[in-house]
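Here's the structure we're looking at; comments come further down.
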Amino acid sequence: MSADERVPLLEVEHLTTRFATDRGQLTAVDDVSLTLDRGEMLGIVGESGSGKSVLARTLMNIAGANSSVTPQTRIRFEGRDLRNLSKEETKHFWGKEIAMIFQNPMTSLNPVRQISRQLTEPMRYHLGLSKREAQDRAVELLRLVGISSPGHRMSQYPHQLSGGMRQRVMIAIALSCEPKLLVADEPTTALDVTVQKQILDLLAKLQDDLGMAMILITHDLGVVAGRAHRIAVMYAGQVMEESTTKHLFEATSHPYTESLLKAIPRLSQPSHTRLAASSGALPDLVNVIDQCRFVGRCPLVEDICTATMPKMASHRPGHSVRCYLPLTPATVPSGTNEDVAEPEKLNQSDRSH
Amino acid sequence: MAGTGTAQLRERDKVLLRVEDLVVEFPVGRREVAHAVSGISFDVAKGETLGLVGESGCGKSTTGRAILQYPRPKSGSVRFEGEELTTLRANDLRARRLRLQMIFQDPTSSLNPRRKAGRLVAEGLEIWGGRTKTEVEERVNELLTSVGLDPDAVRERRPHQFSGGQCQRLSIARALALDPELIVCDEPVSALDVSVQAQILNLLEDLKKKFGVTLLFISHDLSVVKNISDRVMVMYLGKVCEIGSTETVFASPSHPYTQALFASVPEPDPDVDPTQAPTLGGELPSPITPPSGCRFRTRCPLATERCIQEEPQVREVAADHFVACHHAGMSLEDAEEIPLKAAESPTPAAT
């Protein structure tokens, strides 16, 4: 394991995941590039069908049998190429280096196995702990995630626990091998708001304590607003805007991000505030047209938007946008795209707005 | 919280729906019952939207269904347009239900997958008769148009050919078909994406103006409830915590549970540090053996001996603002000054 602190923890380049369907190849994730540093929290926000979960599952190597990843895709973890791991390395990679928690705590646990067995299994397998050691650590972990009388819970089955408890158990399992990266796919969507707050606060605390990096995937901008360091907004398989959290809200540049923000009802608004609702469906991801994916719902469309697909371009320091007509003026001259290399596209500089 | 009492009820002749001391229980296992709704009272005036908010297991959906007598409540009164529904015979009730409609959370599974959209909307009109085929057809077209669907494009399609938002529009068209007075909306936008949610919320507001319907809007999402409601009622474990005009309740939540609930809402604002807001610890107690006195006391940082002994009654704390709490108006931040008597639940606060 490289301990080189200058290498980002996770580097994703041109990640493209396709699914074989009856109608042809469906591009669920299209050319996504991301980097994540140690201890950082990246929020990935998008609506259903945006590809956010497929992205997470591709990172975890569980995208499914009918999926394929293009040869251009590069995923590097601590400098190691995940696509070229040896068989031996693969065994102790997922679950140990990167762990994942899922949306539905009701179905992610094995209903016919005791909590203790589900919690100790990864530690015995990945860390080679003895049964006794693993048991002791499991109790410790349950306490860490805020479960009372952990010794008692160990012998229980998932159906004896509430939804919030089960999600805590899932988190305990994910943390058991002290992963360097935790991928949380809508971890609180199935939970009540007060429990959601408990779980999100717990994740934030654990992340701080353990120095773990985290990718938090959600459809709710509110969930990541005060928590993530950076946010990537996805639509139709592509990242539309990526920025530090503060910048994303204060200098929202992609019309899609803005439409998301305006569609959310807020406690700070008076009752009966009319919400901005953009209509229109997701574009077809099988027969992809070479144009901006958001044209069907965008209020600002001009000719260039339907002429060819915009590329992800650096807009301001730490802020990239995939749009010809960003809502805020760029402070980085177009053409100097340090974030994304795009050699095939030379006529970027003559975009007008 | 979690109190009984009828202080919040308004004069009888001014309200469309008046629910008094409603109790709904479900048998579970041997001689045990789950106390789903335990003596709640509220009313809804004509043309008003009452938001019913609370977390899973608080009895909000059961309340909505019990108004339609589905299931019939164990006790209590439900008066709709001055008529007592709980004692109506099945046949009379069936006729009354024309005036009461319901929209459900999962739009796809609440529509018959084998029927075409046109038939789905026409169903009620055909069952209740009195219209010629052309009249039904015209009415269906009118309804589809008013919920934002193009009749010619959608009439022949089946539910699986629609998106979630479109299915919810269809459900709304179905509910409107027989000119109801009251529509109970049970989490109508919870399964939808935010942009679609915004469309449906706007649509409900438009239809309210156009058809003058009254809404009982059930949701766990406080921001959504605030957006659509004129009045709001907060429930916890089968009891009313707080009820009042939306502006008042949201401006000065007085029940500790309401305060904790509001503090848990993730606001899309990067300058708000969510970890600084008070967190409600513990878990919902079992509705089979609910706590004595105030049902919220096991998780309430303000709970005292009195909360164990005595159930708080709903009382008026300000104009059109009613709270069922012995310590109403105290802030959760004052909690340290009060001896914690709440440690009956084995679950301590996490994080």
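Ordering of the structure tokens sets the chain letters (A, B, ...), residue numbers begin anew at 1 in every chain, and ligands are numbered from 1 in the order given.
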Which residues, written as an mmCIF file with N, CA and C atoms, in the first residue's frame, have at least one atom at most 7 Å from A:Tyr235, with only C-alpha atoms counted and residues fewer than 5 positions away on the same chain left out?
data_model
loop_
_atom_site.group_PDB
_atom_site.id
_atom_site.type_symbol
_atom_site.label_atom_id
_atom_site.label_comp_id
_atom_site.auth_asym_id
_atom_site.auth_seq_id
_atom_site.Cartn_x
_atom_site.Cartn_y
_atom_site.Cartn_z
ATOM 1 N N GLY A 46 -28.213 13.584 -7.459
ATOM 2 C CA GLY A 46 -28.907 13.430 -8.728
ATOM 3 C C GLY A 46 -30.246 12.789 -8.506
ATOM 4 N N SER A 50 -30.050 9.137 -12.801
ATOM 5 C CA SER A 50 -28.900 9.987 -13.107
ATOM 6 C C SER A 50 -27.616 9.175 -13.177
ATOM 7 N N MET A 240 -22.715 17.109 -14.228
ATOM 8 C CA MET A 240 -23.050 18.388 -14.858
ATOM 9 C C MET A 240 -22.282 19.533 -14.222
#
Quiz item: Leaving out A:Glu13 and any residue of its chain fewer than 3 positions from it, which residues lie within 12 Å of it when counting only C-alpha atoms, given as a VMD selection string?
Solution: chain A and resid 10 16 29 to 36 55 59 69 to 77 81 to 82 339 to 342
Could you write those residues out with N, CA and C atoms, as a JSON list (two decimals), in the first residue's frame?
[["chain", "number", "residue", "atom", "x", "y", "z"],
["A", 10, "LEU", "N", -8.52, 8.36, -4.30],
["A", 10, "LEU", "CA", -9.27, 7.74, -5.39],
["A", 10, "LEU", "C", -9.23, 8.67, -6.60],
["A", 16, "THR", "N", -17.07, 4.97, -17.61],
["A", 16, "THR", "CA", -18.28, 4.79, -18.41],
["A", 16, "THR", "C", -18.80, 3.38, -18.19],
["A", 29, "VAL", "N", -23.59, 5.42, -16.92],
["A", 29, "VAL", "CA", -22.63, 6.41, -16.44],
["A", 29, "VAL", "C", -21.74, 6.75, -17.61],
["A", 30, "ASP", "N", -21.61, 8.05, -17.89],
["A", 30, "ASP", "CA", -20.95, 8.46, -19.11],
["A", 30, "ASP", "C", -19.76, 9.38, -18.81],
["A", 31, "ASP", "N", -18.57, 8.85, -18.91],
["A", 31, "ASP", "CA", -17.36, 9.66, -18.86],
["A", 31, "ASP", "C", -17.27, 10.51, -17.58],
["A", 32, "VAL", "N", -17.35, 9.85, -16.45],
["A", 32, "VAL", "CA", -17.26, 10.56, -15.18],
["A", 32, "VAL", "C", -15.83, 10.54, -14.67],
["A", 33, "SER", "N", -15.31, 11.72, -14.34],
["A", 33, "SER", "CA", -13.97, 11.81, -13.76],
["A", 33, "SER", "C", -14.07, 12.50, -12.41],
["A", 34, "LEU", "N", -13.48, 11.88, -11.41],
["A", 34, "LEU", "CA", -13.55, 12.43, -10.06],
["A", 34, "LEU", "C", -12.24, 12.13, -9.33],
["A", 35, "THR", "N", -11.90, 12.98, -8.38],
["A", 35, "THR", "CA", -10.81, 12.60, -7.47],
["A", 35, "THR", "C", -11.29, 12.83, -6.05],
["A", 36, "LEU", "N", -10.71, 12.06, -5.15],
["A", 36, "LEU", "CA", -11.12, 12.15, -3.75],
["A", 36, "LEU", "C", -9.86, 12.02, -2.91],
["A", 55, "LEU", "N", -22.70, 4.41, -10.65],
["A", 55, "LEU", "CA", -21.34, 4.87, -10.44],
["A", 55, "LEU", "C", -20.75, 4.21, -9.18],
["A", 59, "LEU", "N", -17.68, 1.39, -8.86],
["A", 59, "LEU", "CA", -16.51, 1.52, -7.99],
["A", 59, "LEU", "C", -16.34, 0.28, -7.12],
["A", 69, "VAL", "N", -17.69, -2.04, -18.55],
["A", 69, "VAL", "CA", -17.00, -0.77, -18.35],
["A", 69, "VAL", "C", -16.09, -0.57, -19.55],
["A", 70, "THR", "N", -16.08, 0.64, -20.11],
["A", 70, "THR", "CA", -15.29, 0.87, -21.32],
["A", 70, "THR", "C", -13.80, 0.81, -21.01],
["A", 71, "PRO", "N", -12.98, 0.52, -22.03],
["A", 71, "PRO", "CA", -11.53, 0.40, -21.81],
["A", 71, "PRO", "C", -10.89, 1.72, -21.38],
["A", 72, "GLN", "N", -11.54, 2.86, -21.69],
["A", 72, "GLN", "CA", -10.95, 4.16, -21.30],
["A", 72, "GLN", "C", -11.04, 4.39, -19.79],
["A", 73, "THR", "N", -11.93, 3.64, -19.15],
["A", 73, "THR", "CA", -12.16, 3.85, -17.73],
["A", 73, "THR", "C", -10.91, 3.56, -16.91],
["A", 74, "ARG", "N", -10.53, 4.52, -16.08],
["A", 74, "ARG", "CA", -9.41, 4.32, -15.16],
["A", 74, "ARG", "C", -9.92, 4.57, -13.74],
["A", 75, "ILE", "N", -9.73, 3.61, -12.88],
["A", 75, "ILE", "CA", -10.04, 3.82, -11.46],
["A", 75, "ILE", "C", -8.79, 3.49, -10.69],
["A", 76, "ARG", "N", -8.21, 4.49, -10.06],
["A", 76, "ARG", "CA", -7.00, 4.27, -9.28],
["A", 76, "ARG", "C", -7.28, 4.55, -7.82],
["A", 77, "PHE", "N", -6.87, 3.62, -6.98],
["A", 77, "PHE", "CA", -7.03, 3.77, -5.54],
["A", 77, "PHE", "C", -5.66, 3.74, -4.93],
["A", 81, "ASP", "N", -4.19, 0.59, -9.97],
["A", 81, "ASP", "CA", -5.26, 0.50, -10.94],
["A", 81, "ASP", "C", -6.20, -0.65, -10.57],
["A", 82, "LEU", "N", -7.43, -0.30, -10.26],
["A", 82, "LEU", "CA", -8.37, -1.31, -9.78],
["A", 82, "LEU", "C", -8.77, -2.30, -10.87],
["A", 339, "ASP", "N", -8.56, 20.38, -15.26],
["A", 339, "ASP", "CA", -9.22, 19.22, -14.64],
["A", 339, "ASP", "C", -9.41, 18.08, -15.62],
["A", 340, "VAL", "N", -9.86, 18.42, -16.79],
["A", 340, "VAL", "CA", -10.22, 17.38, -17.73],
["A", 340, "VAL", "C", -9.44, 17.58, -19.02],
["A", 341, "ALA", "N", -8.77, 16.57, -19.41],
["A", 341, "ALA", "CA", -8.06, 16.64, -20.68],
["A", 341, "ALA", "C", -9.01, 16.25, -21.79],
["A", 342, "GLU", "N", -9.04, 17.03, -22.84],
["A", 342, "GLU", "CA", -9.93, 16.68, -23.94],
["A", 342, "GLU", "C", -9.24, 17.01, -25.27]]
Practice problem: Have a look at B:Pro27, B:Gly54, B:Gly212, B:Pro188 and name the one nearest to chain A; count only C-alpha atoms. | Solution: B:Gly54
Practice problem: Taking only C-alpha atoms into account, report as a PyMOL selection string which residues of chain A lie within 9 Å of chain B. | Solution: chain A and resi 47-48+144-149+162+164+191-202+204-205+219-228+245-246+249-250+259-279+281
Exercise. Go through stretch 71-117 of chain B and collect every residue that DSSP, computed from the backbone, puts in helix (DSSP H, G or I); the answer should be as number ranges by chain.
Key: B: 90-99, 117
Now that the selection is made, can you save its residues with N, CA and C atoms as a PDB file, in the first residue's frame?
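See again_22.pdb below for the written result:
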ATOM      1  N   ALA B  90     -73.136   0.412   5.646  1.00  0.00           N
ATOM      2  CA  ALA B  90     -72.194   0.235   4.540  1.00  0.00           C
ATOM      3  C   ALA B  90     -72.666   0.900   3.249  1.00  0.00           C
ATOM      4  N   ASN B  91     -73.944   0.744   2.927  1.00  0.00           N
ATOM      5  CA  ASN B  91     -74.452   1.286   1.673  1.00  0.00           C
ATOM      6  C   ASN B  91     -74.437   2.808   1.636  1.00  0.00           C
ATOM      7  N   ASP B  92     -74.854   3.401   2.756  1.00  0.00           N
ATOM      8  CA  ASP B  92     -74.861   4.859   2.827  1.00  0.00           C
ATOM      9  C   ASP B  92     -73.440   5.398   2.781  1.00  0.00           C
ATOM     10  N   LEU B  93     -72.570   4.657   3.456  1.00  0.00           N
ATOM     11  CA  LEU B  93     -71.174   5.065   3.503  1.00  0.00           C
ATOM     12  C   LEU B  93     -70.578   5.068   2.100  1.00  0.00           C
ATOM     13  N   ARG B  94     -70.941   4.068   1.330  1.00  0.00           N
ATOM     14  CA  ARG B  94     -70.430   3.949  -0.023  1.00  0.00           C
ATOM     15  C   ARG B  94     -70.797   5.200  -0.828  1.00  0.00           C
ATOM     16  N   ALA B  95     -72.017   5.660  -0.649  1.00  0.00           N
ATOM     17  CA  ALA B  95     -72.451   6.860  -1.356  1.00  0.00           C
ATOM     18  C   ALA B  95     -71.709   8.099  -0.849  1.00  0.00           C
ATOM     19  N   ARG B  96     -71.431   8.135   0.449  1.00  0.00           N
ATOM     20  CA  ARG B  96     -70.729   9.295   1.004  1.00  0.00           C
ATOM     21  C   ARG B  96     -69.287   9.354   0.523  1.00  0.00           C
ATOM     22  N   ARG B  97     -68.732   8.179   0.266  1.00  0.00           N
ATOM     23  CA  ARG B  97     -67.311   8.137  -0.115  1.00  0.00           C
ATOM     24  C   ARG B  97     -67.046   8.828  -1.452  1.00  0.00           C
ATOM     25  N   LEU B  98     -68.118   9.088  -2.218  1.00  0.00           N
ATOM     26  CA  LEU B  98     -67.948   9.868  -3.443  1.00  0.00           C
ATOM     27  C   LEU B  98     -67.333  11.222  -3.129  1.00  0.00           C
ATOM     28  N   ARG B  99     -67.713  11.736  -1.979  1.00  0.00           N
ATOM     29  CA  ARG B  99     -67.284  13.083  -1.596  1.00  0.00           C
ATOM     30  C   ARG B  99     -65.897  13.067  -0.959  1.00  0.00           C
ATOM     31  N   ALA B 117     -55.255   4.147 -19.322  1.00  0.00           N
ATOM     32  CA  ALA B 117     -55.419   5.384 -18.540  1.00  0.00           C
ATOM     33  C   ALA B 117     -56.840   5.933 -18.634  1.00  0.00           C
TER      34      ALA B 117
END
Test item: residues at most 12 Å from stretch 298-305 of chain A, only C-alpha atoms, excluding those fewer than 4 positions along its chain, as a CSV table (one decimal) with N, CA, C and O atoms, in the first residue's frame:
chain,number,residue,atom,x,y,z
A,254,HIS,N,-24.7,25.6,-13.3
A,254,HIS,CA,-25.4,24.8,-14.3
A,254,HIS,C,-26.9,25.0,-14.1
A,254,HIS,O,-27.4,24.9,-13.0
A,255,PRO,N,-27.6,25.2,-15.2
A,255,PRO,CA,-29.1,25.4,-15.1
A,255,PRO,C,-29.7,24.2,-14.4
A,255,PRO,O,-30.8,24.4,-13.7
A,256,TYR,N,-29.2,23.0,-14.6
A,256,TYR,CA,-29.8,21.8,-13.9
A,256,TYR,C,-29.7,21.9,-12.4
A,256,TYR,O,-30.6,21.7,-11.7
A,257,THR,N,-28.5,22.3,-11.9
A,257,THR,CA,-28.3,22.5,-10.5
A,257,THR,C,-29.3,23.5,-9.9
A,257,THR,O,-29.9,23.3,-8.9
A,258,GLU,N,-29.4,24.6,-10.7
A,258,GLU,CA,-30.3,25.6,-10.3
A,258,GLU,C,-31.7,25.2,-10.2
A,258,GLU,O,-32.5,25.5,-9.3
A,259,SER,N,-32.1,24.4,-11.2
A,259,SER,CA,-33.5,23.9,-11.2
A,259,SER,C,-33.8,23.0,-10.0
A,259,SER,O,-34.8,23.0,-9.5
A,260,LEU,N,-32.7,22.2,-9.7
A,260,LEU,CA,-32.9,21.3,-8.5
A,260,LEU,C,-33.1,22.1,-7.2
A,260,LEU,O,-34.0,21.9,-6.4
A,276,ALA,N,-40.4,26.2,-8.5
A,276,ALA,CA,-40.0,26.2,-9.9
A,276,ALA,C,-39.9,24.7,-10.4
A,276,ALA,O,-39.1,24.0,-9.9
A,277,ALA,N,-40.8,24.3,-11.3
A,277,ALA,CA,-40.8,22.9,-11.7
A,277,ALA,C,-40.5,22.9,-13.2
A,277,ALA,O,-41.3,23.4,-14.0
A,278,SER,N,-39.4,22.3,-13.5
A,278,SER,CA,-39.1,22.1,-14.9
A,278,SER,C,-39.6,20.8,-15.3
A,278,SER,O,-39.4,19.8,-14.7
A,279,SER,N,-40.3,20.7,-16.4
A,279,SER,CA,-40.9,19.5,-16.9
A,279,SER,C,-40.0,18.9,-17.9
A,279,SER,O,-39.0,19.5,-18.3
A,280,GLY,N,-40.3,17.7,-18.4
A,280,GLY,CA,-39.4,17.1,-19.4
A,280,GLY,C,-38.8,15.8,-18.8
A,280,GLY,O,-38.6,15.7,-17.6
A,281,ALA,N,-38.6,14.9,-19.7
A,281,ALA,CA,-38.1,13.6,-19.2
A,281,ALA,C,-36.6,13.5,-19.5
A,281,ALA,O,-36.0,14.3,-20.2
A,282,LEU,N,-36.0,12.4,-18.9
A,282,LEU,CA,-34.6,12.1,-19.1
A,282,LEU,C,-34.4,11.8,-20.6
A,282,LEU,O,-35.3,11.2,-21.2
A,289,ILE,N,-28.0,11.2,-28.3
A,289,ILE,CA,-27.8,12.2,-29.3
A,289,ILE,C,-26.6,13.1,-28.9
A,289,ILE,O,-26.5,13.4,-27.7
A,290,ASP,N,-25.9,13.6,-29.9
A,290,ASP,CA,-24.7,14.4,-29.5
A,290,ASP,C,-25.2,15.8,-29.3
A,290,ASP,O,-25.1,16.7,-30.1
A,291,GLN,N,-25.7,16.0,-28.1
A,291,GLN,CA,-26.1,17.4,-27.7
A,291,GLN,C,-26.1,17.3,-26.1
A,291,GLN,O,-26.0,16.3,-25.5
A,292,CYS,N,-26.4,18.5,-25.6
A,292,CYS,CA,-26.4,18.6,-24.1
A,292,CYS,C,-27.6,17.7,-23.6
A,292,CYS,O,-28.7,17.8,-24.2
A,293,ARG,N,-27.3,16.9,-22.6
A,293,ARG,CA,-28.3,16.0,-22.1
A,293,ARG,C,-29.5,16.7,-21.5
A,293,ARG,O,-30.6,16.2,-21.3
A,294,PHE,N,-29.3,18.0,-21.1
A,294,PHE,CA,-30.3,18.7,-20.3
A,294,PHE,C,-31.2,19.6,-21.2
A,294,PHE,O,-32.1,20.2,-20.8
A,309,MET,N,-22.4,18.0,-27.8
A,309,MET,CA,-22.5,17.9,-26.4
A,309,MET,C,-21.4,18.7,-25.7
A,309,MET,O,-20.2,18.7,-26.1
A,310,PRO,N,-21.8,19.5,-24.7
A,310,PRO,CA,-20.7,20.3,-24.0
A,310,PRO,C,-19.8,19.4,-23.2
A,310,PRO,O,-20.2,18.3,-22.7
A,311,LYS,N,-18.6,19.8,-23.0
A,311,LYS,CA,-17.6,19.0,-22.2
A,311,LYS,C,-17.5,19.6,-20.8
A,311,LYS,O,-17.8,20.8,-20.6
A,322,ARG,N,-20.4,21.6,-17.0
A,322,ARG,CA,-20.6,21.0,-18.3
A,322,ARG,C,-21.8,21.8,-18.9
A,322,ARG,O,-22.9,21.4,-18.9
A,323,CYS,N,-21.5,23.0,-19.4
A,323,CYS,CA,-22.5,23.9,-20.0
A,323,CYS,C,-21.9,24.9,-20.9
A,323,CYS,O,-20.9,25.5,-20.5
A,324,TYR,N,-22.6,25.2,-22.0
A,324,TYR,CA,-22.1,26.3,-22.9
A,324,TYR,C,-22.5,27.7,-22.3
A,324,TYR,O,-21.8,28.7,-22.6
A,325,LEU,N,-23.5,27.7,-21.5
A,325,LEU,CA,-24.1,29.0,-21.0
A,325,LEU,C,-24.2,29.0,-19.5
A,325,LEU,O,-25.3,29.1,-19.0
A,326,PRO,N,-23.0,28.9,-18.8
A,326,PRO,CA,-23.1,28.8,-17.4
A,326,PRO,C,-23.7,30.1,-16.8
A,326,PRO,O,-23.6,31.1,-17.4
A,327,LEU,N,-24.3,29.9,-15.7
A,327,LEU,CA,-25.1,31.0,-15.1
A,327,LEU,C,-24.2,32.1,-14.4
A,327,LEU,O,-24.7,33.2,-14.2
A,348,GLN,N,-13.0,24.2,-28.6
A,348,GLN,CA,-13.7,24.6,-27.3
A,348,GLN,C,-13.7,26.1,-27.1
A,348,GLN,O,-14.7,26.7,-26.6
A,350,ASP,N,-14.2,28.6,-29.0
A,350,ASP,CA,-15.1,29.5,-29.7
A,350,ASP,C,-16.5,29.4,-29.2
A,350,ASP,O,-17.4,29.7,-30.0
A,351,ARG,N,-16.7,28.9,-28.0
A,351,ARG,CA,-18.0,28.9,-27.5
A,351,ARG,C,-18.5,30.3,-27.1
A,351,ARG,O,-17.7,31.1,-26.6
A,352,SER,N,-19.7,30.6,-27.3
A,352,SER,CA,-20.1,32.0,-27.1
A,352,SER,C,-21.2,32.0,-26.0
A,352,SER,O,-22.0,31.1,-25.9
A,353,HIS,N,-21.2,33.1,-25.2
A,353,HIS,CA,-22.3,33.3,-24.4
A,353,HIS,C,-22.3,34.8,-23.9
A,353,HIS,O,-21.4,35.5,-24.1
Practice problem: Give me the residues within 9 Å of A:Arg117 as JSON, numbers by chain, counting only C-alpha atoms and dropping any in the same chain fewer than 2 places off. | Solution: {"A": [113, 114, 115, 119, 120, 121, 135, 154, 155]}
Quiz item: Neighbours of B:His327 within 9 Å (only C-alpha atoms; same-chain residues fewer than 5 positions away dropped), as JSON, numbers by chain?
Solution: {"B": [254, 255, 256, 302, 303]}
Using C-alpha atoms, can you write the selected residues to a file as an mmCIF file, in the first residue's frame?
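Written file, part.cif:
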data_model
loop_
_atom_site.group_PDB
_atom_site.id
_atom_site.type_symbol
_atom_site.label_atom_id
_atom_site.label_comp_id
_atom_site.auth_asym_id
_atom_site.auth_seq_id
_atom_site.Cartn_x
_atom_site.Cartn_y
_atom_site.Cartn_z
ATOM 1 C CA SER B 254 -43.665 24.902 21.015
ATOM 2 C CA HIS B 255 -43.718 21.161 21.482
ATOM 3 C CA PRO B 256 -40.289 19.612 22.155
ATOM 4 C CA LEU B 302 -37.577 18.189 29.007
ATOM 5 C CA ALA B 303 -39.448 15.289 30.613
#
Quiz prompt | Per-residue DSSP, stretch 194-302 of chain B, filtered to strand (DSSP E), as a VMD selection string | solution = chain B and resid 214 to 219 231 to 236 239 to 245
Save the residues we just selected, N, CA, C and O atoms, as a short mmCIF file (atom, residue, chain, number, x, y, z; two decimals), in the first residue's frame?
data_model
loop_
_atom_site.label_atom_id
_atom_site.label_comp_id
_atom_site.auth_asym_id
_atom_site.auth_seq_id
_atom_site.Cartn_x
_atom_site.Cartn_y
_atom_site.Cartn_z
N THR B 214 -60.91 20.46 -0.63
CA THR B 214 -60.22 20.56 0.65
C THR B 214 -59.24 19.40 0.71
O THR B 214 -59.56 18.30 0.27
N LEU B 215 -58.03 19.66 1.24
CA LEU B 215 -57.03 18.59 1.27
C LEU B 215 -56.62 18.25 2.70
O LEU B 215 -56.45 19.13 3.53
N LEU B 216 -56.50 16.96 2.94
CA LEU B 216 -55.80 16.51 4.13
C LEU B 216 -54.50 15.93 3.60
O LEU B 216 -54.50 14.90 2.92
N PHE B 217 -53.40 16.62 3.85
CA PHE B 217 -52.14 16.27 3.21
C PHE B 217 -51.22 15.61 4.22
O PHE B 217 -50.72 16.25 5.15
N ILE B 218 -51.01 14.31 4.05
CA ILE B 218 -50.20 13.55 5.00
C ILE B 218 -48.78 13.43 4.45
O ILE B 218 -48.59 13.03 3.30
N SER B 219 -47.78 13.77 5.25
CA SER B 219 -46.41 13.66 4.77
C SER B 219 -45.45 13.61 5.94
O SER B 219 -45.74 14.09 7.03
N ARG B 231 -52.96 24.89 7.60
CA ARG B 231 -52.79 24.53 9.00
C ARG B 231 -51.99 23.25 9.05
O ARG B 231 -51.93 22.51 8.07
N VAL B 232 -51.39 22.99 10.18
CA VAL B 232 -50.56 21.80 10.27
C VAL B 232 -50.79 21.13 11.62
O VAL B 232 -51.06 21.79 12.62
N MET B 233 -50.77 19.79 11.61
CA MET B 233 -50.91 19.03 12.84
C MET B 233 -49.73 18.07 12.93
O MET B 233 -49.45 17.33 12.00
N VAL B 234 -49.04 18.09 14.06
CA VAL B 234 -47.88 17.21 14.26
C VAL B 234 -48.33 16.07 15.15
O VAL B 234 -48.94 16.28 16.20
N MET B 235 -48.04 14.85 14.73
CA MET B 235 -48.43 13.68 15.51
C MET B 235 -47.21 12.90 15.97
O MET B 235 -46.16 12.91 15.31
N TYR B 236 -47.37 12.21 17.10
CA TYR B 236 -46.33 11.30 17.59
C TYR B 236 -46.99 10.14 18.29
O TYR B 236 -47.79 10.34 19.21
N LYS B 239 -50.77 10.28 18.92
CA LYS B 239 -51.31 11.43 19.65
C LYS B 239 -51.00 12.72 18.91
O LYS B 239 -50.04 12.79 18.13
N VAL B 240 -51.78 13.76 19.23
CA VAL B 240 -51.51 15.08 18.68
C VAL B 240 -50.46 15.77 19.55
O VAL B 240 -50.58 15.77 20.76
N CYS B 241 -49.43 16.35 18.92
CA CYS B 241 -48.46 17.13 19.68
C CYS B 241 -48.81 18.60 19.59
O CYS B 241 -48.80 19.33 20.57
N GLU B 242 -49.06 19.01 18.37
CA GLU B 242 -49.18 20.45 18.14
C GLU B 242 -50.04 20.65 16.92
O GLU B 242 -49.95 19.89 15.96
N ILE B 243 -50.91 21.63 16.97
CA ILE B 243 -51.75 21.93 15.81
C ILE B 243 -51.96 23.43 15.75
O ILE B 243 -52.05 24.09 16.79
N GLY B 244 -51.99 23.97 14.55
CA GLY B 244 -52.20 25.40 14.43
C GLY B 244 -51.95 25.85 13.01
O GLY B 244 -51.70 25.03 12.12
N SER B 245 -52.02 27.16 12.80
CA SER B 245 -51.78 27.67 11.46
C SER B 245 -50.32 27.41 11.10
O SER B 245 -49.44 27.45 11.97
#
Quiz item: What separation in Å, quoted to one decimal, exists between atom CA of A:Ala213 and atom CA of A:Arg124?
Solution: 23.5 Å
Exercise. Could you jot down the atom CA of A:Met123 to atom CA of A:Glu140 separation for me, Å, one decimal place?
Key: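 If I compute the distance from atom CA of A:Met123 to atom CA of A:Glu140, I get 12.8 Å.
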